[in-house]
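Below: data-v6.cif (mmCIF, C-alpha atoms)
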```cif
data_structure
loop_
_atom_site.label_atom_id
_atom_site.label_comp_id
_atom_site.auth_asym_id
_atom_site.auth_seq_id
_atom_site.Cartn_x
_atom_site.Cartn_y
_atom_site.Cartn_z
CA MET G 1 -7.21 -8.66 31.98
CA LYS G 2 -7.45 -5.20 30.45
CA ARG G 3 -10.33 -3.28 28.97
CA ALA G 4 -10.11 -0.99 25.98
CA ILE G 5 -12.61 1.83 26.07
CA PHE G 6 -12.20 3.13 22.57
CA ALA G 7 -10.05 2.77 19.49
CA LEU G 8 -9.67 5.60 17.02
CA LEU G 9 -8.68 3.99 13.76
CA LEU G 10 -6.96 6.68 11.75
CA MET G 11 -6.42 5.27 8.28
CA LEU G 12 -8.06 2.55 6.28
CA PHE G 13 -6.18 1.69 3.09
CA ALA G 14 -8.95 0.00 1.14
CA GLY G 15 -12.09 0.90 -0.73
CA ALA G 16 -13.62 4.09 0.60
CA ALA G 17 -17.15 4.35 1.94
CA GLY G 18 -19.81 3.87 -0.67
CA ALA G 19 -22.01 1.17 -2.09
CA ILE G 20 -21.27 -2.35 -0.86
CA GLU G 21 -22.11 -5.08 -3.34
CA PRO G 22 -23.03 -8.56 -2.02
CA GLY G 23 -20.09 -10.91 -2.51
CA SER G 24 -17.54 -8.08 -2.64
CA ILE G 25 -14.28 -8.30 -0.70
CA ARG G 26 -12.31 -5.42 0.77
CA LEU G 27 -8.72 -6.05 1.86
CA GLY G 28 -6.67 -3.42 3.61
CA ALA G 29 -4.53 -2.13 6.43
CA THR G 30 -5.68 -0.29 9.50
CA ALA G 31 -3.79 1.71 12.14
CA GLY G 32 -4.75 3.88 15.07
CA ILE G 33 -4.58 4.60 18.76
CA VAL G 34 -6.19 2.84 21.71
CA SER G 35 -6.67 4.01 25.28
CA ALA G 36 -6.69 1.21 27.87
CA SER G 37 -6.56 0.40 31.55
CA ILE G 38 -6.87 -2.78 33.61
CA THR G 39 -9.99 -4.23 35.18
CA GLU G 40 -8.51 -6.62 37.73
CA ALA G 41 -6.57 -4.30 40.03
CA PRO G 42 -6.62 -4.12 43.82
CA ALA G 43 -9.55 -2.00 45.08
CA GLU G 44 -7.21 0.50 46.76
CA TRP G 45 -5.72 1.33 43.33
CA ASP G 46 -9.04 2.37 41.75
CA ASP G 47 -8.53 6.12 42.19
CA ASP G 48 -4.88 6.02 41.16
CA LEU G 49 -5.07 4.25 37.78
CA ASP G 50 -4.68 6.25 34.58
CA TRP G 51 -5.40 5.27 31.01
CA ARG G 52 -2.42 4.37 28.83
CA THR G 53 -2.42 5.28 25.15
CA GLY G 54 -1.08 2.67 22.76
CA PHE G 55 -0.93 1.65 19.11
CA ILE G 56 -3.14 -0.78 17.21
CA GLY G 57 -2.67 -1.75 13.59
CA GLY G 58 -2.75 -4.58 11.12
CA LEU G 59 -4.63 -6.10 8.21
CA PHE G 60 -8.29 -6.87 7.58
CA LEU G 61 -10.47 -8.63 5.06
CA GLU G 62 -14.16 -7.74 4.81
CA TYR G 63 -16.56 -9.98 2.90
CA ALA G 64 -20.04 -8.57 2.14
CA ILE G 65 -22.66 -11.29 2.60
CA THR G 66 -25.39 -8.80 1.66
CA GLY G 67 -25.28 -5.05 1.05
CA GLN G 68 -25.51 -4.47 4.82
CA ILE G 69 -24.11 -7.61 6.53
CA GLY G 70 -20.51 -8.73 6.32
CA ILE G 71 -17.79 -10.76 8.01
CA ARG G 72 -14.52 -9.05 8.92
CA PRO G 73 -11.53 -11.03 10.21
CA GLU G 74 -8.56 -8.87 11.27
CA LEU G 75 -4.95 -9.59 12.21
CA LEU G 76 -3.72 -6.84 14.55
CA TYR G 77 -0.73 -5.85 16.66
CA ALA G 78 -1.79 -3.90 19.76
CA THR G 79 -0.07 -2.26 22.72
CA ARG G 80 -2.07 -1.67 25.88
CA GLY G 81 -1.42 -1.08 29.56
CA VAL G 82 -1.95 1.14 32.56
CA GLU G 83 -0.17 3.97 34.36
CA ALA G 84 -0.51 4.63 38.08
CA SER G 85 0.91 6.85 40.78
CA LEU G 86 0.55 4.94 44.06
CA TYR G 87 1.27 6.12 47.59
CA ASP G 88 2.37 3.46 50.06
CA GLY G 89 2.15 5.67 53.18
CA PHE G 90 5.72 6.88 52.95
CA VAL G 91 6.72 7.52 49.34
CA ASP G 92 5.10 7.80 45.91
CA VAL G 93 5.55 4.86 43.56
CA ASP G 94 5.04 5.39 39.80
CA LEU G 95 3.96 2.36 37.82
CA ASP G 96 3.81 1.93 34.03
CA ALA G 97 2.64 -1.47 32.80
CA ALA G 98 2.84 -2.23 29.07
CA PHE G 99 1.47 -5.27 27.22
CA SER G 100 1.76 -6.13 23.53
CA TYR G 101 -0.60 -8.52 21.76
CA ILE G 102 -1.32 -10.18 18.46
CA GLU G 103 -5.11 -10.07 18.10
CA LEU G 104 -7.41 -11.94 15.75
CA PRO G 105 -10.96 -10.50 15.88
CA LEU G 106 -13.66 -12.25 13.85
CA LEU G 107 -16.42 -9.68 13.52
CA LEU G 108 -19.91 -9.64 12.11
CA THR G 109 -20.49 -6.17 10.61
CA TRP G 110 -23.84 -4.48 10.03
CA THR G 111 -23.83 -1.34 7.90
CA ILE G 112 -26.74 0.70 9.26
CA ALA G 113 -27.01 3.06 6.30
CA GLU G 114 -24.68 4.28 3.62
CA THR G 115 -24.10 7.20 1.34
CA GLU G 116 -21.36 7.95 -1.14
CA ARG G 117 -19.00 9.21 1.59
CA PHE G 118 -20.46 8.15 4.97
CA ARG G 119 -21.14 4.68 6.43
CA PRO G 120 -22.21 4.09 10.09
CA PHE G 121 -21.84 0.49 11.30
CA LEU G 122 -22.05 -1.94 14.22
CA ARG G 123 -19.59 -4.79 14.75
CA ALA G 124 -19.55 -7.70 17.18
CA GLY G 125 -17.71 -10.96 17.63
CA PRO G 126 -14.95 -12.80 19.44
CA CYS G 127 -11.33 -11.67 19.57
CA PHE G 128 -8.55 -14.19 20.14
CA CYS G 129 -5.47 -12.59 21.71
CA TYR G 130 -1.91 -13.81 22.13
CA ARG G 131 0.27 -11.81 24.53
CA LEU G 132 3.77 -11.20 23.17
CA ASP G 133 5.27 -9.48 26.21
CA ALA G 134 4.45 -7.74 29.47
CA GLU G 135 6.68 -5.21 31.23
CA VAL G 136 6.32 -3.01 34.28
CA ASP G 137 8.46 0.05 34.94
CA VAL G 138 8.50 1.02 38.62
CA SER G 139 9.92 4.35 39.82
CA VAL G 140 10.52 5.37 43.45
CA LEU G 141 12.22 8.70 44.17
CA LEU G 142 15.39 8.68 42.01
CA PHE G 143 15.35 4.93 41.33
CA SER G 144 13.57 3.07 38.57
CA ALA G 145 13.57 -0.46 37.27
CA GLY G 146 11.95 -2.37 34.47
CA VAL G 147 10.54 -5.80 35.27
CA ASP G 148 9.60 -8.39 32.66
CA PHE G 149 6.58 -10.23 34.00
CA THR G 150 5.65 -12.05 30.81
CA ASP G 151 5.74 -15.41 32.62
CA LEU G 152 3.28 -14.16 35.28
CA THR G 153 0.48 -13.12 32.91
CA HIS G 154 -1.92 -15.04 30.69
CA THR G 155 -0.46 -15.99 27.31
CA THR G 156 -3.84 -16.16 25.59
CA ASP G 157 -7.11 -14.32 26.10
CA VAL G 158 -10.49 -14.38 24.43
CA ALA G 159 -12.59 -11.23 24.42
CA LEU G 160 -16.00 -10.27 23.14
CA ILE G 161 -16.07 -7.11 21.05
CA ALA G 162 -19.13 -4.94 20.57
CA ALA G 163 -18.41 -1.76 18.64
CA ALA G 164 -20.15 1.12 16.93
CA GLY G 165 -18.47 3.39 14.43
CA CYS G 166 -18.59 5.31 11.21
CA GLU G 167 -16.44 5.48 8.09
CA ILE G 168 -15.94 8.70 6.16
CA ALA G 169 -14.39 8.53 2.68
CA LEU G 170 -11.49 10.95 2.25
CA GLY G 171 -10.57 9.99 -1.29
CA PRO G 172 -9.83 6.99 -3.50
CA GLY G 173 -8.85 4.10 -1.23
CA LEU G 174 -8.58 6.21 1.94
CA SER G 175 -11.07 6.53 4.77
CA LEU G 176 -11.17 7.91 8.30
CA ILE G 177 -12.85 5.64 10.83
CA HIS G 178 -13.89 6.16 14.44
CA ILE G 179 -14.80 3.10 16.50
CA SER G 180 -16.00 2.91 20.09
CA GLU G 181 -15.48 -0.48 21.79
CA PRO G 182 -16.84 -0.32 25.33
CA THR G 183 -16.85 -4.10 25.88
CA ARG G 184 -13.35 -5.39 25.26
CA PRO G 185 -12.52 -7.10 28.57
CA TYR G 186 -9.13 -8.81 28.60
#
```

Translate the structure of the given file into structure tokens.
Amino acid sequence: MKRAIFALLLMLFAGAAGAIEPGSIRLGATAGIVSASITEAPAEWDDDLDWRTGFIGGLFLEYAITGQIGIRPELLYATRGVEASLYDGFVDVDLDAAFSYIELPLLLTWTIAETERFRPFLRAGPCFCYRLDAEVDVSVLLFSAGVDFTDLTHTTDVALIAAAGCEIALGPGLSLIHISEPTRPY
């Protein structure tokens, strides 16, 4: 239903970038921001939709099959949505839709190269999503109302994730990660 264009993961509380030994396991927490919009909107809304910034965070476990290939399941809480300013011919209508999800991505990770402090990678795999709630705030002139439309949206979604990113070690157990996920269609 929605598509995330990128996620900037701010902190990674686990082993910092560096050598990855086959059979090693990294367990940690991750948190960051995500910018999202929707993909299934009426055509007349295309020019009026804005990206909505939300939160993403949770836990991960990364198992190194080899020094470069690993499996990374994650358990995440994510907020996504869209903002729009629509004109119905008479008055402006402001729309703010917010969705919250529990997400379970199961990713195959390929570390392209690594140094002591820098590790570029590619990740791909399915993501199983469970929608917790869905709300729309609608504002017209001086009036506004919040509408819970949880019952009108899909409860579960499956997405395919393809991502590229890099990890930079900041110190013992702390890394900064940037991930770009152009193919996360909800």

Subject >> Atom-to-atom span, CA of Ile71 (chain G) and CA of Leu106 (chain G), Å >> reply: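 Interatomic distance, CA of Ile71 (chain G) to CA of Leu106 (chain G): 7.3 Å.
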
Original post:
Any idea what's packed within 10 Å of region 63-69 of chain G, counting only C-alpha atoms, ignoring anything in its chain fewer than 6 positions away? Could you give it as number ranges by chain?
Top reply: G: 19-27, 108-114, 121-123

Go ahead and save the picked residues with C-alpha atoms, as a PDB file, in the frame of the given file.
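For reference, selection.pdb as written:
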```pdb
ATOM      1  CA  ALA G  19     -22.010   1.170  -2.090  1.00  0.00           C
ATOM      2  CA  ILE G  20     -21.270  -2.350  -0.860  1.00  0.00           C
ATOM      3  CA  GLU G  21     -22.110  -5.080  -3.340  1.00  0.00           C
ATOM      4  CA  PRO G  22     -23.030  -8.560  -2.020  1.00  0.00           C
ATOM      5  CA  GLY G  23     -20.090 -10.910  -2.510  1.00  0.00           C
ATOM      6  CA  SER G  24     -17.540  -8.080  -2.640  1.00  0.00           C
ATOM      7  CA  ILE G  25     -14.280  -8.300  -0.700  1.00  0.00           C
ATOM      8  CA  ARG G  26     -12.310  -5.420   0.770  1.00  0.00           C
ATOM      9  CA  LEU G  27      -8.720  -6.050   1.860  1.00  0.00           C
ATOM     10  CA  LEU G 108     -19.910  -9.640  12.110  1.00  0.00           C
ATOM     11  CA  THR G 109     -20.490  -6.170  10.610  1.00  0.00           C
ATOM     12  CA  TRP G 110     -23.840  -4.480  10.030  1.00  0.00           C
ATOM     13  CA  THR G 111     -23.830  -1.340   7.900  1.00  0.00           C
ATOM     14  CA  ILE G 112     -26.740   0.700   9.260  1.00  0.00           C
ATOM     15  CA  ALA G 113     -27.010   3.060   6.300  1.00  0.00           C
ATOM     16  CA  GLU G 114     -24.680   4.280   3.620  1.00  0.00           C
ATOM     17  CA  PHE G 121     -21.840   0.490  11.300  1.00  0.00           C
ATOM     18  CA  LEU G 122     -22.050  -1.940  14.220  1.00  0.00           C
ATOM     19  CA  ARG G 123     -19.590  -4.790  14.750  1.00  0.00           C
TER      20      ARG G 123
END
```

**OP:** Work out how far CA of Thr79 (chain G) is from CA of Leu176 (chain G), in Å to one decimal.
**Re:** 20.8 Å

Find the residues of region 59-108 of chain G that sit at most 12 Å from region 137-153 of chain G; for each, write down the nearest two atoms and how far apart they are in Å, to one decimal. Count only C-alpha atoms. Sort by chain, then by number going up, and give it as a tab-separated table.
```
residue	atom	partner	partner_atom	distance
G:Gly81	CA	G:Asp137	CA	11.3
G:Val82	CA	G:Asp137	CA	10.7
G:Glu83	CA	G:Asp137	CA	9.5
G:Ala84	CA	G:Val138	CA	9.7
G:Ser85	CA	G:Ser139	CA	9.4
G:Leu86	CA	G:Val140	CA	10.0
G:Tyr87	CA	G:Val140	CA	10.2
G:Asp88	CA	G:Val140	CA	10.7
G:Phe90	CA	G:Val140	CA	10.8
G:Val91	CA	G:Val140	CA	7.3
G:Asp92	CA	G:Val140	CA	6.4
G:Val93	CA	G:Val140	CA	5.0
G:Asp94	CA	G:Ser139	CA	5.0
G:Leu95	CA	G:Val138	CA	4.8
G:Asp96	CA	G:Asp137	CA	5.1
G:Ala97	CA	G:Asp137	CA	6.4
G:Ala98	CA	G:Asp137	CA	8.4
G:Phe99	CA	G:Thr150	CA	8.7
G:Ser100	CA	G:Thr150	CA	10.2
G:Tyr101	CA	G:Thr150	CA	11.6
```

**OP:** Point out the residue among G:Glu62, G:Ile179, G:Ala164, G:Arg72 with the least atom-to-atom distance to Val34 (chain G), counting all atoms listed in the file.
**Re:** G:Ile179

Given 5 Å on each side, where is the centre and what are the edge lengths in Å to one decimal of the axis-aligned box enclosing the listed atoms of region 129-138 of chain G, as lines of an AutoDock Vina configuration file?
```
center_x = 1.5
center_y = -6.4
center_z = 30.2
size_x = 24.0
size_y = 24.8
size_z = 26.9
```

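What separates CA of Asp157 (chain G) from CA of Arg80 (chain G) is a distance of 13.6 Å.
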
Subject >> For Phe60 (chain G), the nearest of the candidates G:Pro105, G:Gly28, G:Pro126, G:Gly165, counting all atoms listed in the file >> reply: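 For Phe60 (chain G), the nearest of the candidates is G:Gly28.
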
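Residue nearest Leu107 (chain G), chosen from G:Thr155, G:Leu75, G:Gly54, G:Ala31 and counting only C-alpha atoms: G:Leu75.
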
**OP:** Using only C-alpha atoms, find the one residue out of G:Ala134, G:Ala163, G:Leu61, G:Ile168 that sits nearest to Thr115 (chain G).
**Re:**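 Among G:Ala134, G:Ala163, G:Leu61, G:Ile168, it is G:Ile168 that comes nearest to Thr115 (chain G).
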